[in-house]
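Shown next: model05.tsv, given as TSV, C-alpha atoms.
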```tsv
chain	number	residue	atom	x	y	z
Z	1	MET	CA	149.23	97.52	106.65
Z	2	ALA	CA	150.76	94.17	105.71
Z	3	ARG	CA	149.07	92.32	102.88
Z	4	PRO	CA	147.09	89.35	104.34
Z	5	ARG	CA	148.21	85.82	103.62
Z	6	CYS	CA	146.39	84.10	100.76
Z	7	ASP	CA	144.91	80.84	102.01
Z	8	THR	CA	144.63	77.80	99.72
Z	9	PRO	CA	141.88	75.68	101.32
Z	10	ARG	CA	140.49	72.38	100.14
Z	11	VAL	CA	137.03	71.46	98.97
Z	12	CYS	CA	134.72	71.28	101.97
Z	13	VAL	CA	131.55	69.31	102.60
Z	14	ALA	CA	128.57	71.39	103.72
Z	15	GLU	CA	124.87	70.92	104.23
Z	16	ALA	CA	122.67	73.05	102.02
Z	17	ALA	CA	119.00	73.50	101.21
Z	18	VAL	CA	118.81	72.76	97.48
Z	19	ALA	CA	115.87	73.74	95.27
Z	20	TYR	CA	115.40	71.16	92.50
Z	21	LYS	CA	112.07	72.16	90.98
Z	22	PRO	CA	109.59	75.03	91.28
Z	23	LYS	CA	107.30	74.77	94.30
Z	24	VAL	CA	108.93	71.50	95.45
Z	25	PRO	CA	110.23	71.51	99.06
Z	26	LEU	CA	113.94	72.25	99.40
Z	27	VAL	CA	116.16	69.21	99.97
Z	28	LEU	CA	118.67	69.29	102.83
Z	29	GLU	CA	121.73	67.44	101.58
Z	30	ASP	CA	125.51	67.40	101.62
Z	31	ILE	CA	127.20	69.36	98.86
Z	32	LEU	CA	130.81	70.09	97.95
Z	33	VAL	CA	131.93	73.72	98.15
Z	34	ALA	CA	135.05	74.44	96.09
Z	35	PRO	CA	137.90	76.64	97.33
Z	36	PRO	CA	137.62	80.32	96.44
Z	37	GLN	CA	139.43	81.34	93.27
Z	38	ALA	CA	141.15	84.68	92.63
Z	39	ASN	CA	139.12	87.61	93.99
Z	40	GLU	CA	136.72	85.27	95.77
Z	41	VAL	CA	135.90	84.59	99.43
Z	42	ARG	CA	134.49	81.49	101.12
Z	43	ILE	CA	132.13	82.28	103.99
Z	44	LYS	CA	130.87	80.12	106.81
Z	45	MET	CA	127.23	81.11	107.06
Z	46	MET	CA	125.99	81.59	110.61
Z	47	ASN	CA	122.53	83.09	110.07
Z	48	ALA	CA	120.14	83.29	107.14
Z	49	CYS	CA	116.71	84.79	106.56
Z	50	VAL	CA	113.90	83.97	104.15
Z	51	CYS	CA	112.76	86.82	101.89
Z	52	GLN	CA	109.81	87.06	99.51
Z	53	SER	CA	112.32	87.18	96.65
Z	54	ASP	CA	113.52	83.70	97.60
Z	55	LEU	CA	109.93	82.46	97.39
Z	56	TYR	CA	109.46	84.21	94.03
Z	57	PHE	CA	112.39	82.34	92.48
Z	58	TRP	CA	111.52	79.09	94.26
Z	59	LYS	CA	108.06	79.24	92.66
Z	60	GLY	CA	109.73	79.59	89.24
Z	61	LYS	CA	108.26	83.00	88.49
Z	62	ASP	CA	111.56	84.36	87.17
Z	63	THR	CA	112.58	84.19	83.51
Z	64	GLU	CA	115.60	81.88	83.88
Z	65	LYS	CA	114.11	79.20	86.19
Z	66	LEU	CA	117.52	77.79	87.09
Z	67	PHE	CA	117.50	74.47	88.96
Z	68	PRO	CA	119.05	72.89	90.96
Z	69	ARG	CA	119.89	76.02	92.89
Z	70	ILE	CA	120.84	77.13	96.40
Z	71	LEU	CA	118.65	80.08	97.27
Z	72	GLY	CA	119.02	82.70	100.00
Z	73	HIS	CA	120.28	86.27	99.73
Z	74	GLU	CA	119.96	87.64	103.27
Z	75	GLY	CA	122.34	86.46	105.95
Z	76	ALA	CA	125.57	86.91	107.87
Z	77	GLY	CA	128.66	84.82	108.42
Z	78	ILE	CA	132.38	84.58	109.00
Z	79	VAL	CA	135.18	84.63	106.42
Z	80	GLU	CA	136.66	81.13	106.27
Z	81	SER	CA	139.20	81.53	103.45
Z	82	PHE	CA	139.95	83.61	100.37
Z	83	GLY	CA	141.62	83.41	96.97
Z	84	ALA	CA	144.44	85.39	95.40
Z	85	ASN	CA	144.31	89.20	95.17
Z	86	VAL	CA	141.78	89.61	98.00
Z	87	ILE	CA	142.70	92.58	100.19
Z	88	GLY	CA	141.17	93.76	103.46
Z	89	LEU	CA	139.66	90.45	104.54
Z	90	LYS	CA	141.01	87.64	106.68
Z	91	PRO	CA	139.69	84.40	108.16
Z	92	GLY	CA	137.53	85.14	111.19
Z	93	ASP	CA	136.18	88.46	109.92
Z	94	LYS	CA	132.42	88.81	110.36
Z	95	CYS	CA	130.65	89.79	107.17
Z	96	ILE	CA	127.39	90.20	105.30
Z	97	PRO	CA	127.13	88.64	101.83
Z	98	ALA	CA	125.91	91.48	99.61
Z	99	TRP	CA	123.95	90.60	96.48
Z	100	GLN	CA	123.74	94.26	95.44
Z	101	ALA	CA	127.50	94.48	94.92
Z	102	GLU	CA	129.43	97.27	93.23
Z	103	CYS	CA	132.53	97.05	91.03
Z	104	GLN	CA	133.06	100.80	91.69
Z	105	LYS	CA	134.33	101.24	88.12
Z	106	CYS	CA	131.38	101.08	85.72
Z	107	SER	CA	129.26	104.08	84.74
Z	108	MET	CA	126.41	102.94	86.97
Z	109	CYS	CA	128.62	102.69	90.06
Z	110	LYS	CA	130.03	106.14	89.35
Z	111	SER	CA	126.56	107.62	88.92
Z	112	SER	CA	124.91	109.47	91.79
Z	113	LYS	CA	121.49	108.27	90.63
Z	114	THR	CA	121.83	104.49	91.00
Z	115	ASN	CA	123.95	101.73	92.49
Z	116	ILE	CA	122.81	98.94	90.15
Z	117	CYS	CA	126.24	97.80	88.98
Z	118	GLU	CA	126.60	96.77	85.33
Z	119	VAL	CA	129.13	94.07	86.27
Z	120	PHE	CA	127.35	92.39	89.17
Z	121	MET	CA	123.91	92.60	87.60
Z	122	PHE	CA	125.19	89.35	86.06
Z	123	ASN	CA	124.71	87.66	89.45
Z	124	TRP	CA	120.97	88.12	89.44
Z	125	GLY	CA	120.03	85.63	86.76
Z	126	SER	CA	123.05	83.59	85.71
Z	127	GLY	CA	123.61	81.20	88.61
Z	128	LEU	CA	127.34	81.29	87.82
Z	129	MET	CA	130.39	83.00	89.29
Z	130	ALA	CA	130.99	86.52	88.02
Z	131	SER	CA	134.75	85.85	87.79
Z	132	ASP	CA	134.52	83.56	84.76
Z	133	LYS	CA	130.79	83.49	83.94
Z	134	LYS	CA	131.10	79.74	83.34
Z	135	THR	CA	131.41	77.81	86.59
Z	136	THR	CA	129.83	77.37	90.00
Z	137	ARG	CA	131.52	76.56	93.30
Z	138	PHE	CA	128.77	74.13	94.34
Z	139	THR	CA	128.46	70.49	93.30
Z	140	ARG	CA	126.37	67.58	94.56
Z	141	ALA	CA	128.32	65.32	96.90
Z	142	LEU	CA	126.48	62.33	95.46
Z	143	ASP	CA	127.46	62.65	91.80
Z	144	GLY	CA	129.50	65.84	91.33
Z	145	LYS	CA	126.85	67.58	89.23
Z	146	PRO	CA	126.91	71.40	89.45
Z	147	ILE	CA	124.41	73.41	91.48
Z	148	TYR	CA	123.58	76.99	90.53
Z	149	HIS	CA	124.27	79.99	92.74
Z	150	PHE	CA	121.59	82.56	93.62
Z	151	PHE	CA	122.19	86.31	93.41
Z	152	GLY	CA	125.89	85.56	93.68
Z	153	ILE	CA	125.75	84.62	97.37
Z	154	SER	CA	123.46	81.58	98.12
Z	155	VAL	CA	123.20	81.82	101.89
Z	156	PHE	CA	121.09	78.66	102.33
Z	157	SER	CA	124.32	76.67	102.63
Z	158	GLN	CA	126.66	76.18	105.56
Z	159	TYR	CA	129.46	77.48	103.33
Z	160	THR	CA	129.26	79.70	100.27
Z	161	VAL	CA	131.71	81.31	97.87
Z	162	VAL	CA	131.25	84.90	96.72
Z	163	ASP	CA	133.15	87.53	94.79
Z	164	GLU	CA	135.11	89.73	97.19
Z	165	ALA	CA	132.90	92.66	96.12
Z	166	CYS	CA	129.95	90.70	97.52
Z	167	CYS	CA	131.53	90.35	100.97
Z	168	ALA	CA	130.86	93.32	103.25
Z	169	LYS	CA	133.13	93.22	106.29
Z	170	ILE	CA	131.42	94.36	109.49
Z	171	ASN	CA	132.39	95.10	113.08
Z	172	ASN	CA	133.46	91.85	114.75
Z	173	ARG	CA	131.39	92.80	117.81
Z	174	ALA	CA	128.19	92.71	115.72
Z	175	ASP	CA	125.48	90.22	116.68
Z	176	LEU	CA	125.05	88.10	113.54
Z	177	THR	CA	121.56	87.00	114.61
Z	178	LYS	CA	120.42	90.60	114.17
Z	179	ILE	CA	122.82	92.13	111.69
Z	180	CYS	CA	121.87	89.53	109.06
Z	181	LEU	CA	118.75	91.60	108.32
Z	182	LEU	CA	121.01	94.24	106.76
Z	183	GLY	CA	121.46	91.81	103.87
Z	184	CYS	CA	118.13	92.82	102.33
Z	185	GLY	CA	115.09	93.64	104.50
Z	186	ILE	CA	116.32	96.70	106.39
Z	187	PRO	CA	117.98	98.52	103.45
Z	188	THR	CA	114.92	97.73	101.32
Z	189	GLY	CA	112.66	99.43	103.86
Z	190	VAL	CA	114.97	102.40	104.38
Z	191	GLY	CA	115.55	102.82	100.66
Z	192	SER	CA	111.82	102.62	99.94
Z	193	ALA	CA	111.16	105.49	102.33
Z	194	TRP	CA	114.16	107.69	101.55
Z	195	LYS	CA	114.80	107.01	97.86
Z	196	ILE	CA	111.47	105.91	96.36
Z	197	ALA	CA	108.80	107.65	98.45
Z	198	LYS	CA	111.20	110.51	99.26
Z	199	VAL	CA	109.82	110.91	102.75
Z	200	HIS	CA	110.71	114.22	104.38
Z	201	LYS	CA	110.16	115.91	107.74
Z	202	SER	CA	106.54	117.01	107.09
Z	203	SER	CA	105.44	113.80	105.37
Z	204	THR	CA	102.42	111.79	106.49
Z	205	VAL	CA	103.23	108.11	106.11
Z	206	ALA	CA	101.07	104.98	106.22
Z	207	VAL	CA	102.90	101.67	106.63
Z	208	PHE	CA	100.99	98.51	105.71
Z	209	GLY	CA	102.52	95.48	107.41
Z	210	LEU	CA	105.23	95.39	110.06
Z	211	GLY	CA	107.58	92.69	108.89
Z	212	THR	CA	111.27	93.46	108.45
Z	213	ILE	CA	110.65	95.93	105.62
Z	214	GLY	CA	107.70	97.64	107.29
Z	215	LEU	CA	109.56	98.03	110.58
Z	216	ALA	CA	112.56	99.42	108.69
Z	217	VAL	CA	110.29	101.97	107.01
Z	218	ARG	CA	108.81	102.95	110.36
Z	219	ASP	CA	112.20	103.39	111.98
Z	220	SER	CA	113.69	105.23	109.00
Z	221	ILE	CA	111.02	107.90	108.98
Z	222	ASN	CA	111.72	108.55	112.66
Z	223	TYR	CA	115.13	109.77	111.49
Z	224	PHE	CA	113.63	113.06	110.32
```
Can you dump the structure from the file as structure tokens?
Amino acid sequence: MARPRCDTPRVCVAEAAVAYKPKVPLVLEDILVAPPQANEVRIKMMNACVCQSDLYFWKGKDTEKLFPRILGHEGAGIVESFGANVIGLKPGDKCIPAWQAECQKCSMCKSSKTNICEVFMFNWGSGLMASDKKTTRFTRALDGKPIYHFFGISVFSQYTVVDEACCAKINNRADLTKICLLGCGIPTGVGSAWKIAKVHKSSTVAVFGLGTIGLAVRDSINYF
């Protein structure tokens, strides 16, 4: 297969929901989204969901308490552009930004017991890009001040930049209004049943609450 062309896009203006302080309503404002650097992808976000984890960090319950920040870690979008060395993606591809990314090289990725990557664990609390661990791709349009990323994907923005490992290409026929739930809620429910509770064919299961996670648990146990 021919290697895809490497686009060199410009900075784009996008609307984003920015968290400035704990428990203070998010501010919808224009931001500047920088072009993707090497091994990075810029995504046009089409759908986003709100998860309890977003609320946890918005309330400032985490250790780092990074603000200003663009939250959101569950969504779906379309590849808009990409930086050097990115293979297998092209503009127009539908995708899911994946905060639980894998470098596929570290000892954790190679383990059969976990998929918590040593490299991309950096995304969880730093607010910076994993490529250089120093910069963000978001700045305020008003004054150029940097805005932190969230879990390496920040889907509460019309455009976001992620490491290519955090961009999961999906079938272009997929309905983004539904498939966006695969960003967190559905795999959390399935994983809770299969990996944590270790549900099996003769299990008796009680599910408390039928939100995205509860429904995913219910449907996953019907697999057996």
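Residue nearest Z:Val162 within the list Z:Leu66, Z:Cys117, Z:Ala216, Z:Cys95: Z:Cys95 [criterion: smallest interatomic distance, all atoms listed in the file].
For the set Z:Met46, Z:Ile87, Z:Leu32, Z:Val190, the residue with the smallest atom-to-atom gap to Z:Ala14 is Z:Leu32, counting only C-alpha atoms.
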**Request:** Write out as a ChimeraX atom specification the residues lying within 12 Å of Z:Phe138, counting all atoms listed in the file and excluding same-chain residues fewer than 2 positions away.
**Result:** /Z:11-18,30-36,42,68-70,127-129,135-136,140-141,143-150,152-154,156-162
**Complete:** One decimal place gives the atom CA of Z:Ile78-atom CA of Z:Pro91 separation as 7.4 Å
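Reported to one decimal place, the separation of atom CA of Z:Ser112 from atom CA of Z:Leu215 is 26.8 Å.
Between atom CA of Z:Lys169 and atom CA of Z:Phe151 the separation is 18.3 Å.
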Proximity check stretch 82-162 of chain Z to stretch 173-185 of chain Z, 12 Å, nearest pairs one decimal Å, only C-alpha atoms, as CSV:
```
residue,atom,partner,partner_atom,distance
Z:Gly92,CA,Z:Arg173,CA,11.8
Z:Asp93,CA,Z:Arg173,CA,10.2
Z:Lys94,CA,Z:Ala174,CA,7.9
Z:Cys95,CA,Z:Leu176,CA,8.6
Z:Ile96,CA,Z:Gly183,CA,6.3
Z:Pro97,CA,Z:Gly183,CA,6.8
Z:Ala98,CA,Z:Gly183,CA,6.2
Z:Trp99,CA,Z:Gly183,CA,7.9
Z:Gln100,CA,Z:Cys184,CA,9.0
Z:Ala101,CA,Z:Gly183,CA,11.1
Z:Phe151,CA,Z:Cys184,CA,11.8
Z:Ile153,CA,Z:Gly183,CA,10.6
Z:Ser154,CA,Z:Gly183,CA,11.9
Z:Val155,CA,Z:Gly183,CA,10.3
```
Can those selected residues be exported to a file as a JSON list (two decimals), keeping the file's coordinate frame so that it contains C-alpha atoms?
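Now in selection-v7.json:
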```
[["chain", "number", "residue", "atom", "x", "y", "z"],
["Z", 92, "GLY", "CA", 137.53, 85.14, 111.19],
["Z", 93, "ASP", "CA", 136.18, 88.46, 109.92],
["Z", 94, "LYS", "CA", 132.42, 88.81, 110.36],
["Z", 95, "CYS", "CA", 130.65, 89.79, 107.17],
["Z", 96, "ILE", "CA", 127.39, 90.20, 105.30],
["Z", 97, "PRO", "CA", 127.13, 88.64, 101.83],
["Z", 98, "ALA", "CA", 125.91, 91.48, 99.61],
["Z", 99, "TRP", "CA", 123.95, 90.60, 96.48],
["Z", 100, "GLN", "CA", 123.74, 94.26, 95.44],
["Z", 101, "ALA", "CA", 127.50, 94.48, 94.92],
["Z", 151, "PHE", "CA", 122.19, 86.31, 93.41],
["Z", 153, "ILE", "CA", 125.75, 84.62, 97.37],
["Z", 154, "SER", "CA", 123.46, 81.58, 98.12],
["Z", 155, "VAL", "CA", 123.20, 81.82, 101.89]]
```
**Request:** Kindly provide, as a PyMOL selection string, the polymer residues lying within 12 Å of (112.7, 88.8, 94.2), counting all atoms listed in the file and using the coordinates exactly as they appear in the file.
**Result:** chain Z and resi 50-63+71-74+99+124-125+150-151+184-185+188
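Residue nearest Z:Ser126, chosen from Z:Glu40, Z:Asp219, Z:Glu64, Z:Glu29 and counting only C-alpha atoms: Z:Glu64.
Nearest-residue note for Z:Ala197: choosing from Z:Asn47, Z:Ser220, Z:Leu26, Z:Gly83, the minimum distance belongs to Z:Ser220, counting only C-alpha atoms.
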Provide stretch 100-118 of chain Z rebuilt to N, CA and C atoms, formatted as a CSV table (one decimal), in the frame of the given file.
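Dumped to rebuild09.csv:
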```csv
chain,number,residue,atom,x,y,z
Z,100,GLN,N,123.7,93.0,96.2
Z,100,GLN,CA,123.7,94.3,95.4
Z,100,GLN,C,125.2,94.8,95.5
Z,101,ALA,N,126.1,94.1,94.9
Z,101,ALA,CA,127.5,94.5,94.9
Z,101,ALA,C,127.8,95.6,93.9
Z,102,GLU,N,129.0,96.2,94.1
Z,102,GLU,CA,129.4,97.3,93.2
Z,102,GLU,C,130.9,97.0,92.8
Z,103,CYS,N,131.1,97.2,91.5
Z,103,CYS,CA,132.5,97.0,91.0
Z,103,CYS,C,133.3,98.4,91.3
Z,104,GLN,N,132.5,99.5,91.4
Z,104,GLN,CA,133.1,100.8,91.7
Z,104,GLN,C,133.8,101.4,90.5
Z,105,LYS,N,133.6,100.8,89.3
Z,105,LYS,CA,134.3,101.2,88.1
Z,105,LYS,C,133.4,101.6,87.0
Z,106,CYS,N,132.3,100.9,86.9
Z,106,CYS,CA,131.4,101.1,85.7
Z,106,CYS,C,130.6,102.4,85.8
Z,107,SER,N,130.0,102.8,84.8
Z,107,SER,CA,129.3,104.1,84.7
Z,107,SER,C,128.1,104.1,85.8
Z,108,MET,N,127.5,103.0,86.0
Z,108,MET,CA,126.4,102.9,87.0
Z,108,MET,C,126.9,103.2,88.4
Z,109,CYS,N,128.0,102.5,88.7
Z,109,CYS,CA,128.6,102.7,90.1
Z,109,CYS,C,129.1,104.1,90.3
Z,110,LYS,N,129.5,104.8,89.2
Z,110,LYS,CA,130.0,106.1,89.4
Z,110,LYS,C,128.9,107.2,89.3
Z,111,SER,N,127.7,106.7,89.0
Z,111,SER,CA,126.6,107.6,88.9
Z,111,SER,C,126.0,107.9,90.3
Z,112,SER,N,125.5,109.1,90.5
Z,112,SER,CA,124.9,109.5,91.8
Z,112,SER,C,123.4,109.1,91.8
Z,113,LYS,N,122.9,108.6,90.7
Z,113,LYS,CA,121.5,108.3,90.6
Z,113,LYS,C,121.1,106.8,90.9
Z,114,THR,N,122.1,105.9,90.8
Z,114,THR,CA,121.8,104.5,91.0
Z,114,THR,C,123.1,103.8,91.5
Z,115,ASN,N,122.8,102.6,92.1
Z,115,ASN,CA,124.0,101.7,92.5
Z,115,ASN,C,123.8,100.3,91.9
Z,116,ILE,N,123.0,100.2,90.8
Z,116,ILE,CA,122.8,98.9,90.2
Z,116,ILE,C,124.0,98.7,89.2
Z,117,CYS,N,125.0,98.0,89.7
Z,117,CYS,CA,126.2,97.8,89.0
Z,117,CYS,C,126.1,97.0,87.7
Z,118,GLU,N,126.7,97.5,86.6
Z,118,GLU,CA,126.6,96.8,85.3
Z,118,GLU,C,127.3,95.4,85.4
```
